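Undergrad: Contents of my_file_30.cif (mmCIF, C-alpha atoms) are given next:
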data_input
loop_
_atom_site.label_atom_id
_atom_site.label_comp_id
_atom_site.auth_asym_id
_atom_site.auth_seq_id
_atom_site.Cartn_x
_atom_site.Cartn_y
_atom_site.Cartn_z
CA MET A 1 95.29 84.96 106.19
CA GLN A 2 98.62 83.44 107.28
CA PHE A 3 101.91 84.78 106.03
CA THR A 4 105.08 82.71 105.90
CA ASP A 5 108.77 83.01 106.77
CA LYS A 6 109.33 83.71 103.11
CA ASP A 7 106.95 86.70 103.16
CA GLU A 8 108.71 88.01 106.23
CA ASN A 9 112.13 87.68 104.61
CA ARG A 10 111.04 89.32 101.36
CA LEU A 11 109.50 92.22 103.29
CA MET A 12 112.74 92.72 105.21
CA GLN A 13 114.69 92.72 101.93
CA LEU A 14 112.25 95.25 100.51
CA MET A 15 112.61 97.53 103.52
CA LEU A 16 116.40 97.23 103.47
CA HIS A 17 116.53 98.09 99.74
CA ARG A 18 114.12 101.02 99.83
CA ARG A 19 115.95 104.28 99.11
CA ASP A 20 115.18 107.99 98.94
CA ILE A 21 115.58 108.75 95.22
CA ARG A 22 116.67 112.12 93.88
CA GLY A 23 117.02 113.71 90.46
CA ASN A 24 120.45 112.20 89.78
CA ASN A 25 118.79 108.80 89.66
CA PHE A 26 115.35 109.22 88.05
CA LEU A 27 114.73 108.19 84.44
CA SER A 28 112.45 110.34 82.28
CA GLN A 29 110.34 107.27 81.36
CA GLU A 30 106.66 107.94 82.12
CA LEU A 31 104.83 106.19 84.93
CA THR A 32 101.76 104.42 83.58
CA GLU A 33 98.34 105.09 85.10
CA GLN A 34 98.30 101.47 86.24
CA GLU A 35 101.62 101.80 88.05
CA LEU A 36 100.50 104.99 89.75
CA GLU A 37 97.18 103.46 90.75
CA LYS A 38 98.88 100.52 92.48
CA ILE A 39 101.06 102.86 94.50
CA LEU A 40 98.04 104.94 95.51
CA LEU A 41 95.98 101.86 96.36
CA ALA A 42 98.75 100.84 98.73
CA ALA A 43 98.41 104.26 100.37
CA THR A 44 94.69 103.78 100.98
CA THR A 45 95.26 100.51 102.85
CA ALA A 46 97.18 102.40 105.55
CA PRO A 47 95.84 102.63 109.08
CA SER A 48 94.11 105.88 109.96
CA VAL A 49 92.77 107.16 113.24
CA GLY A 50 89.09 106.22 113.56
CA LEU A 51 89.25 105.05 109.92
CA SER A 52 89.18 108.74 109.00
CA GLN A 53 91.37 108.30 105.88
CA PRO A 54 92.28 112.00 106.01
CA TRP A 55 94.48 112.01 102.91
CA LYS A 56 94.40 113.83 99.57
CA PHE A 57 96.89 113.11 96.82
CA VAL A 58 97.60 115.88 94.32
CA ILE A 59 99.13 114.17 91.29
CA ILE A 60 101.26 116.69 89.45
CA ARG A 61 102.44 116.00 85.93
CA ASP A 62 102.09 119.61 84.75
CA LYS A 63 105.56 121.01 84.05
CA GLN A 64 104.77 124.63 84.81
CA ILE A 65 103.49 123.78 88.26
CA ARG A 66 106.57 121.66 88.92
CA GLN A 67 108.80 124.55 87.78
CA MET A 68 107.08 126.84 90.29
CA VAL A 69 107.59 124.33 93.09
CA TYR A 70 111.19 123.85 92.02
CA ARG A 71 111.89 127.58 92.28
CA ASN A 72 110.77 127.49 95.90
CA PHE A 73 112.95 124.44 96.53
CA GLU A 74 115.97 126.30 95.13
CA LEU A 75 115.33 129.30 97.35
CA GLU A 76 114.78 127.26 100.50
CA THR A 77 117.69 124.91 99.96
CA HIS A 78 119.97 127.91 99.52
CA ARG A 79 118.67 129.36 102.79
CA ALA A 80 118.97 126.06 104.64
CA ARG A 81 122.60 125.62 103.61
CA GLN A 82 123.64 128.68 105.62
CA LYS A 83 122.91 126.82 108.87
CA PHE A 84 125.81 124.40 108.42
CA SER A 85 129.52 124.78 109.05
CA LEU A 86 131.56 126.10 106.13
CA GLU A 87 133.02 122.67 105.46
CA ALA A 88 129.58 121.07 105.48
CA GLN A 89 128.21 123.81 103.20
CA GLN A 90 130.64 122.80 100.49
CA GLN A 91 129.47 119.22 100.61
CA TYR A 92 125.81 120.31 100.91
CA GLN A 93 126.13 122.24 97.66
CA GLN A 94 127.12 119.09 95.83
CA LEU A 95 124.20 117.04 97.12
CA LYS A 96 121.23 116.54 94.83
CA LEU A 97 118.28 116.82 97.20
CA ASP A 98 115.19 116.71 94.98
CA GLY A 99 113.79 115.18 91.81
CA ILE A 100 110.97 117.65 91.14
CA ILE A 101 111.79 118.16 87.48
CA GLU A 102 113.52 114.87 86.72
CA ALA A 103 110.79 112.53 88.02
CA PRO A 104 107.78 112.14 85.68
CA VAL A 105 105.28 112.46 88.55
CA ASN A 106 105.19 114.57 91.70
CA ILE A 107 102.60 113.96 94.41
CA ALA A 108 101.77 116.52 97.07
CA VAL A 109 100.15 114.70 99.96
CA TYR A 110 97.73 116.66 102.11
CA TYR A 111 96.02 116.06 105.43
CA THR A 112 92.43 117.27 105.61
CA SER A 113 91.20 118.21 109.05
CA PRO A 114 87.92 116.59 110.09
CA GLU A 115 84.59 118.38 110.21
CA ASN A 116 83.19 116.07 112.88
CA PRO A 117 84.73 114.35 115.91
CA ILE A 118 86.91 111.37 114.98
CA ILE A 119 87.19 108.45 117.37
CA GLY A 120 90.73 108.29 118.76
CA ASN A 121 91.59 111.83 117.66
CA ASN A 122 91.31 113.94 120.76
CA THR A 123 94.30 114.07 123.11
CA ILE A 124 96.98 113.96 120.40
CA PRO A 125 95.90 116.33 117.61
CA GLU A 126 98.73 115.30 115.28
CA VAL A 127 97.46 111.72 115.00
CA GLY A 128 95.50 112.52 111.83
CA GLU A 129 98.66 113.80 110.17
CA TYR A 130 100.46 110.66 111.32
CA SER A 131 97.84 108.56 109.50
CA VAL A 132 98.79 110.34 106.29
CA VAL A 133 102.45 109.52 106.91
CA CYS A 134 101.58 105.81 107.29
CA ALA A 135 99.98 106.04 103.84
CA ILE A 136 103.15 107.62 102.45
CA GLN A 137 105.34 104.85 103.84
CA ASN A 138 103.03 102.28 102.21
CA MET A 139 103.50 104.09 98.88
CA TRP A 140 107.26 104.01 99.31
CA LEU A 141 107.34 100.27 99.95
CA MET A 142 104.89 99.45 97.16
CA ALA A 143 106.87 101.57 94.71
CA ARG A 144 110.04 99.72 95.72
CA ALA A 145 108.35 96.33 95.22
CA MET A 146 107.58 97.56 91.68
CA ASN A 147 111.22 98.65 91.25
CA ILE A 148 110.01 102.26 91.11
CA GLY A 149 111.75 104.99 93.06
CA MET A 150 110.33 107.63 95.35
CA GLY A 151 111.88 110.65 97.03
CA TRP A 152 110.49 112.95 99.73
CA VAL A 153 111.33 116.63 99.25
CA SER A 154 111.06 118.40 102.59
CA ILE A 155 112.93 121.60 101.73
CA LEU A 156 109.89 123.60 100.63
CA ASN A 157 107.87 126.39 102.17
CA PRO A 158 104.45 124.76 102.68
CA SER A 159 102.52 128.01 102.31
CA VAL A 160 104.13 128.68 98.94
CA VAL A 161 103.27 125.16 97.79
CA ASP A 162 99.70 125.68 99.07
CA ASP A 163 99.42 128.81 96.94
CA ILE A 164 100.78 127.11 93.84
CA LEU A 165 98.40 124.17 94.24
CA LYS A 166 95.47 126.35 95.40
CA ALA A 167 95.01 124.25 98.52
CA PRO A 168 91.72 125.03 100.29
CA ALA A 169 91.45 125.90 103.98
CA GLY A 170 91.75 122.93 106.32
CA HIS A 171 94.34 121.27 104.08
CA LYS A 172 97.88 120.81 105.42
CA LEU A 173 100.84 119.74 103.28
CA ILE A 174 102.46 116.65 104.79
CA ALA A 175 104.88 115.63 102.05
CA TYR A 176 105.97 116.44 98.52
CA LEU A 177 106.96 113.26 96.69
CA CYS A 178 108.78 112.55 93.42
CA ILE A 179 108.11 109.19 91.79
CA GLY A 180 109.53 107.45 88.74
CA HIS A 181 111.64 104.68 87.33
CA VAL A 182 115.30 104.79 88.33
CA LYS A 183 118.78 104.14 87.03
CA GLU A 184 119.66 102.21 90.17
CA PHE A 185 118.84 101.71 93.82
CA TYR A 186 121.95 102.24 95.92
CA ASP A 187 122.84 99.52 98.41
CA ILE A 188 123.06 102.02 101.25
CA PRO A 189 121.53 105.48 101.79
CA GLU A 190 123.16 108.22 99.73
CA LEU A 191 123.96 110.35 102.79
CA GLU A 192 125.76 107.36 104.29
CA LYS A 193 127.61 106.67 101.06
CA LEU A 194 128.80 110.29 101.05
CA ASN A 195 129.84 110.00 104.69
CA TRP A 196 127.46 112.78 105.74
CA GLU A 197 125.70 110.66 108.35
CA ARG A 198 125.83 107.04 109.48
CA ARG A 199 123.27 104.51 110.58
CA LYS A 200 122.72 103.90 114.29
CA SER A 201 122.60 100.47 115.81
CA LEU A 202 119.19 99.25 116.92
CA TYR A 203 120.38 99.14 120.51
CA ALA A 204 121.13 102.87 120.53
CA SER A 205 117.39 103.43 120.04
CA ILE A 206 115.98 101.10 122.70
CA VAL A 207 114.98 101.83 126.30
CA HIS A 208 113.40 99.33 128.69
CA ASN A 209 110.27 100.22 130.64
CA GLN A 210 111.29 103.74 131.65
CA PHE A 211 113.90 106.26 130.60
CA SER A 212 115.42 106.61 134.05
CA GLU A 213 116.43 102.99 134.45
CA ASP A 214 118.99 102.73 131.69
CA TYR A 215 118.84 105.84 129.59
CA GLU A 216 121.92 107.75 128.67
CA THR A 217 121.86 110.65 126.30
CA ALA A 218 124.70 109.03 124.44
CA HIS A 219 124.58 110.28 120.88
CA ASP A 220 126.55 107.68 119.05
CA HIS A 221 126.51 109.33 115.68
CA ARG A 222 128.26 112.19 114.03
CA GLN A 223 126.15 115.19 113.07
CA LYS A 224 127.38 118.14 111.08
CA MET B 1 118.07 94.24 93.76
CA GLN B 2 115.06 93.49 91.55
CA PHE B 3 111.71 92.58 93.02
CA THR B 4 109.09 90.60 91.11
CA ASP B 5 105.33 90.68 90.44
CA LYS B 6 105.03 88.09 93.15
CA ASP B 7 106.71 90.36 95.73
CA GLU B 8 104.39 93.18 94.70
CA ASN B 9 101.31 90.98 95.07
CA ARG B 10 102.36 89.60 98.45
CA LEU B 11 103.04 93.12 99.72
CA MET B 12 99.59 94.24 98.61
CA GLN B 13 98.04 91.24 100.39
CA LEU B 14 100.01 92.10 103.50
CA MET B 15 98.85 95.72 103.43
CA LEU B 16 95.25 94.69 102.83
CA HIS B 17 95.34 92.24 105.75
CA ARG B 18 97.04 94.51 108.27
CA ARG B 19 94.64 95.45 111.07
CA ASP B 20 94.62 97.61 114.18
CA ILE B 21 94.46 95.05 116.99
CA ARG B 22 92.83 95.71 120.34
CA GLY B 23 92.51 93.86 123.65
CA ASN B 24 89.59 91.71 122.51
CA ASN B 25 91.95 90.03 120.08
CA PHE B 26 95.37 89.74 121.75
CA LEU B 27 96.58 86.44 123.20
CA SER B 28 98.55 86.46 126.44
CA GLN B 29 101.36 84.42 124.81
CA GLU B 30 104.71 86.18 125.26
CA LEU B 31 106.56 87.77 122.38
CA THR B 32 110.06 86.34 122.12
CA GLU B 33 113.07 88.64 122.09
CA GLN B 34 113.76 87.45 118.57
CA GLU B 35 110.27 88.36 117.37
CA LEU B 36 110.50 91.78 118.96
CA GLU B 37 113.93 92.38 117.51
CA LYS B 38 112.74 91.68 113.96
CA ILE B 39 109.91 94.17 114.33
CA LEU B 40 112.30 96.81 115.68
CA LEU B 41 114.86 96.13 112.96
CA ALA B 42 112.14 96.82 110.41
CA ALA B 43 111.56 100.17 112.15
CA THR B 44 115.19 101.17 111.80
CA THR B 45 115.15 100.62 108.03
CA ALA B 46 112.59 103.43 107.67
CA PRO B 47 113.46 106.62 105.84
CA SER B 48 114.36 109.58 108.04
CA VAL B 49 115.04 113.18 107.21
CA GLY B 50 118.78 113.69 106.67
CA LEU B 51 119.25 110.10 107.93
CA SER B 52 118.65 111.53 111.41
CA GLN B 53 116.94 108.35 112.74
CA PRO B 54 115.25 110.41 115.47
CA TRP B 55 113.44 107.49 117.13
CA LYS B 56 113.50 105.94 120.59
CA PHE B 57 111.52 102.82 121.43
CA VAL B 58 110.50 102.31 125.06
CA ILE B 59 109.71 98.61 125.40
CA ILE B 60 107.30 98.17 128.26
CA ARG B 61 106.67 94.74 129.74
CA ASP B 62 106.37 95.98 133.35
CA LYS B 63 102.77 95.49 134.50
CA GLN B 64 102.69 98.36 136.97
CA ILE B 65 103.74 100.86 134.34
CA ARG B 66 101.14 99.49 131.93
CA GLN B 67 98.48 99.80 134.65
CA MET B 68 99.38 103.46 135.11
CA VAL B 69 99.14 104.11 131.39
CA TYR B 70 95.85 102.21 131.26
CA ARG B 71 94.36 104.43 133.98
CA ASN B 72 95.06 107.46 131.84
CA PHE B 73 93.54 105.73 128.81
CA GLU B 74 90.35 105.06 130.81
CA LEU B 75 90.10 108.68 131.89
CA GLU B 76 90.74 110.10 128.42
CA THR B 77 88.46 107.69 126.60
CA HIS B 78 85.65 108.59 128.99
CA ARG B 79 86.26 112.28 128.28
CA ALA B 80 86.46 111.76 124.53
CA ARG B 81 83.15 109.91 124.43
CA GLN B 82 81.27 113.04 125.50
CA LYS B 83 82.05 114.68 122.16
CA PHE B 84 79.80 112.32 120.21
CA SER B 85 76.04 112.22 119.75
CA LEU B 86 74.07 110.26 122.36
CA GLU B 87 73.45 107.44 119.91
CA ALA B 88 77.13 107.27 118.99
CA GLN B 89 78.13 107.35 122.68
CA GLN B 90 76.28 104.10 123.29
CA GLN B 91 78.16 102.37 120.51
CA TYR B 92 81.45 104.02 121.56
CA GLN B 93 81.07 102.53 125.03
CA GLN B 94 80.98 99.04 123.55
CA LEU B 95 84.12 99.50 121.47
CA LYS B 96 87.37 98.04 122.77
CA LEU B 97 89.90 100.71 121.84
CA ASP B 98 93.17 99.55 123.44
CA GLY B 99 95.20 96.47 124.31
CA ILE B 100 97.50 97.99 126.96
CA ILE B 101 96.97 95.23 129.51
CA GLU B 102 96.08 92.34 127.19
CA ALA B 103 99.09 92.59 124.84
CA PRO B 104 102.34 91.18 126.28
CA VAL B 105 104.40 94.14 125.06
CA ASN B 106 103.70 97.87 124.81
CA ILE B 107 106.07 100.20 122.96
CA ALA B 108 106.03 103.95 123.45
CA VAL B 109 107.68 105.52 120.44
CA TYR B 110 109.39 108.87 120.92
CA TYR B 111 110.80 111.50 118.62
CA THR B 112 114.02 113.10 119.84
CA SER B 113 114.64 116.62 118.63
CA PRO B 114 118.06 117.19 117.07
CA GLU B 115 120.91 119.03 118.74
CA ASN B 116 122.47 120.09 115.46
CA PRO B 117 121.02 121.14 112.11
CA ILE B 118 119.65 118.23 110.09
CA ILE B 119 119.74 118.37 106.32
CA GLY B 120 116.18 118.63 104.97
CA ASN B 121 114.71 119.62 108.34
CA ASN B 122 114.20 123.35 108.14
CA THR B 123 111.01 124.63 106.48
CA ILE B 124 108.73 121.86 107.77
CA PRO B 125 109.58 121.27 111.43
CA GLU B 126 107.28 118.23 111.75
CA VAL B 127 109.32 116.22 109.22
CA GLY B 128 111.38 114.59 111.99
CA GLU B 129 108.22 113.35 113.67
CA TYR B 130 107.03 112.05 110.31
CA SER B 131 110.21 109.98 110.04
CA VAL B 132 109.25 108.27 113.29
CA VAL B 133 105.80 107.50 111.88
CA CYS B 134 107.40 105.84 108.83
CA ALA B 135 109.27 103.60 111.27
CA ILE B 136 106.01 102.74 113.02
CA GLN B 137 104.33 101.75 109.76
CA ASN B 138 107.29 99.49 108.98
CA MET B 139 106.80 97.82 112.38
CA TRP B 140 103.12 97.29 111.67
CA LEU B 141 103.78 95.62 108.33
CA MET B 142 106.63 93.47 109.63
CA ALA B 143 104.52 92.35 112.58
CA ARG B 144 101.72 91.40 110.18
CA ALA B 145 104.14 89.40 107.99
CA MET B 146 105.01 87.49 111.19
CA ASN B 147 101.28 87.02 111.92
CA ILE B 148 101.71 89.24 114.96
CA GLY B 149 99.23 91.99 115.77
CA MET B 150 99.79 95.63 116.59
CA GLY B 151 97.45 98.36 117.79
CA TRP B 152 98.04 102.11 118.09
CA VAL B 153 96.49 103.70 121.18
CA SER B 154 96.01 107.40 120.57
CA ILE B 155 93.60 108.18 123.41
CA LEU B 156 96.24 109.13 125.98
CA ASN B 157 97.45 112.38 127.44
CA PRO B 158 101.07 112.57 126.22
CA SER B 159 102.28 114.58 129.20
CA VAL B 160 100.92 111.96 131.62
CA VAL B 161 102.65 109.20 129.63
CA ASP B 162 105.87 111.28 129.64
CA ASP B 163 105.70 111.48 133.44
CA ILE B 164 105.05 107.75 133.84
CA LEU B 165 107.96 106.88 131.54
CA LYS B 166 110.21 109.68 132.87
CA ALA B 167 110.78 111.02 129.37
CA PRO B 168 113.62 113.56 129.25
CA ALA B 169 113.28 117.04 127.74
CA GLY B 170 113.38 117.10 123.95
CA HIS B 171 111.47 113.82 123.70
CA LYS B 172 107.99 113.85 122.16
CA LEU B 173 105.58 110.91 122.29
CA ILE B 174 104.50 109.96 118.78
CA ALA B 175 102.66 106.68 119.38
CA TYR B 176 101.80 104.16 122.05
CA LEU B 177 101.72 100.66 120.56
CA CYS B 178 100.46 97.29 121.80
CA ILE B 179 102.01 94.20 120.22
CA GLY B 180 101.32 90.49 120.55
CA HIS B 181 100.00 87.31 119.00
CA VAL B 182 96.32 87.39 118.11
CA LYS B 183 93.22 85.23 118.02
CA GLU B 184 92.44 86.40 114.49
CA PHE B 185 92.95 89.16 111.96
CA TYR B 186 89.60 90.47 110.77
CA ASP B 187 89.04 90.65 107.01
CA ILE B 188 87.99 94.29 107.24
CA PRO B 189 88.68 97.05 109.79
CA GLU B 190 86.74 96.65 113.04
CA LEU B 191 85.17 100.13 112.76
CA GLU B 192 83.91 99.20 109.30
CA LYS B 193 82.60 95.84 110.53
CA LEU B 194 80.67 97.68 113.26
CA ASN B 195 79.33 100.15 110.70
CA TRP B 196 80.95 103.09 112.51
CA GLU B 197 82.83 104.29 109.44
CA ARG B 198 83.35 103.06 105.90
CA ARG B 199 86.25 103.02 103.50
CA LYS B 200 86.53 105.71 100.83
CA SER B 201 87.23 104.95 97.19
CA LEU B 202 90.68 105.85 95.94
CA TYR B 203 89.17 108.37 93.55
CA ALA B 204 87.65 110.36 96.39
CA SER B 205 91.22 111.10 97.51
CA ILE B 206 92.79 112.15 94.22
CA VAL B 207 93.22 115.61 92.71
CA HIS B 208 95.03 116.38 89.45
CA ASN B 209 97.68 119.12 89.29
CA GLN B 210 95.81 121.72 91.36
CA PHE B 211 92.86 121.79 93.69
CA SER B 212 90.91 124.39 91.74
CA GLU B 213 90.63 122.39 88.55
CA ASP B 214 88.53 119.53 89.75
CA TYR B 215 88.22 119.68 93.49
CA GLU B 216 84.94 119.39 95.25
CA THR B 217 84.64 119.24 98.99
CA ALA B 218 82.44 116.21 98.58
CA HIS B 219 82.70 114.17 101.74
CA ASP B 220 81.52 110.81 100.61
CA HIS B 221 81.58 109.11 103.95
CA ARG B 222 79.47 109.16 107.05
CA GLN B 223 81.03 110.61 110.17
CA LYS B 224 79.44 110.54 113.57
#
Give the structure from this file in structure tokens form.

TA:
Amino acid sequence: MQFTDKDENRLMQLMLHRRDIRGNNFLSQELTEQELEKILLAATTAPSVGLSQPWKFVIIRDKQIRQMVYRNFELETHRARQKFSLEAQQQYQQLKLDGIIEAPVNIAVYYTSPENPIIGNNTIPEVGEYSVVCAIQNMWLMARAMNIGMGWVSILNPSVVDDILKAPAGHKLIAYLCIGHVKEFYDIPELEKLNWERRKSLYASIVHNQFSEDYETAHDHRQK
Amino acid sequence: MQFTDKDENRLMQLMLHRRDIRGNNFLSQELTEQELEKILLAATTAPSVGLSQPWKFVIIRDKQIRQMVYRNFELETHRARQKFSLEAQQQYQQLKLDGIIEAPVNIAVYYTSPENPIIGNNTIPEVGEYSVVCAIQNMWLMARAMNIGMGWVSILNPSVVDDILKAPAGHKLIAYLCIGHVKEFYDIPELEKLNWERRKSLYASIVHNQFSEDYETAHDHRQK
């Protein structure tokens, strides 16, 4: 199959307009089963090491379960805040960093470790987890093409989430996602809008052939 | 920005027709700087925890460096083969699993660990690495939209690659990619075509609310 310049341009637009969505931007409107299925189908087209497809998607609509996860988010986000400067802590407190309750659907994405050898999964053990992340990025892009928002909540204690969801042995939490229709997609990332962090130029991230030839540990961006 | 049903359908086609490309399928034709830049720009639009953008792309065209990396691939793929059954080893030996020499461009993608606290990066330390993987999946999809192939070589010893590329401390190899124009994109994954592995149904990967309610450790796919 041949794709065209138009496909390439639309994909770039899609990638540029994909945002991390939080609770200040989700609508309560339900996601239909059909919408959810499309997003999950996109996930399953992702590459995976040795075609192992080591992903499990826990689709959480149950409000009690989401409340339990939210309580852990509150605890951990409070703890995390202490690591920043006092000035940054004030701003941190005003940031909305999750959409666990506001989004109609949460999805906990797990990696399942293989029972048998997987081709390509030997020297770099994390490569199976990375396959799951490729699936998550596919979900994010497909959701955006459907004008549906997704947010990734990383401020959670994975072992607490495992307990809440009764995750069996050999299952590792990779991401906790919130998905739903949105009020709006911002033009630029929220953390950039709020002047917390700014985007790097492409050239700050490129090295040619070897690090020693042209590499400088020039950090061209502000970090709090 | 609103996307349409057509955008959604084209994206699904793109995801379905993305393949892992190996040396039996790369053309020697050079990638232009402009082509490479588009693929890398797609990477930099990926989500990253706290907008940390913790990625470095080492663009390798140098043939000597690629030869050194290829020697490690040969060693590690030989070692990895021993883990399979005798029957599987025969088939393994016939698989082409890399395109290090055949592709005109290799890209080693590194994660750089932060010097300061990053918002959202506290309870799950791997989340920064996962951001880099999101960038890689963006590259894969953008390349495919440009009818350019990409393959991910995971059978490498990361510390040997670090030495070859003179990676500084705090840099972790996430992926080693081969990129170039291709003879063809197969309709289905090569490992499926060769009957090594088959694709799971979506429903084999879904759980509702909690694992205990409906989860069975039914592995519905053959693994060697």

Undergrad: Translate the PyMOL selection byres ((chain A) within 7 of (chain B)) into a concrete residue list for this structure, as a PyMOL selection string.

TA: chain A and resi 2-3+7-8+12+15-16+41-42+44-45+51+55-62+80+83-84+116-117+120-124+130+133-134+137+142+145-147+154-157+165-167+191+197+202+205-212+223-224

Undergrad: Once the PyMOL selection byres ((chain B and resi 98) around 7) is applied to the coordinates I shared, what remains selected? I want it as a list in words.

TA: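 Residues picked by the PyMOL selection byres ((chain B and resi 98) around 7): Arg22, Gly23, Lys96, Leu97, Gly99, Ile100 and Val153 of chain B.
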
Undergrad: Please determine, counting all atoms listed in the file, which residue among B:Asn195, B:Tyr111, B:Val160, B:Val182 has the shortest atom-to-atom distance to Met68 in chain B.

TA: B:Val160

Undergrad: Could the centre and edge lengths of an axis-aligned box, enclosing all atoms of range 82-96 of chain B in the file with 5 Å extra on each side, be given in Å to one decimal as lines of an AutoDock Vina configuration file?

TA:
center_x = 80.4
center_y = 106.4
center_z = 122.2
size_x = 23.9
size_y = 26.6
size_z = 16.5

Undergrad: Let me make sure I understand: among A:Ile21, A:Leu194, A:Ile101, A:Met150, which one has the smallest atom-to-atom distance to Gln64 in chain A if we use all atoms listed in the file?

TA: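 Ranking A:Ile21, A:Leu194, A:Ile101, A:Met150 by distance to Gln64 in chain A, first place goes to A:Ile101.
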
Undergrad: Between CA of Val161 in chain B and CA of Pro104 in chain B, measure the distance and give it in Å to one decimal.

TA: 18.3 Å

Undergrad: State, in Å with one decimal place, the distance from CA of Asn24 in chain B to CA of Met139 in chain B.

TA: 20.9 Å

Undergrad: Just the number, please: distance in Å from CA of His181 in chain B to CA of His78 in chain B, one decimal.

TA: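 A separation of 27.5 Å between them.
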
Undergrad: Looking at A:Glu74, A:Val105, A:Ile188, A:Lys183, which one is nearest to Gln93 in chain A, with distances taken over only C-alpha atoms?

TA: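 Result for the nearest residue to Gln93 in chain A: A:Glu74.
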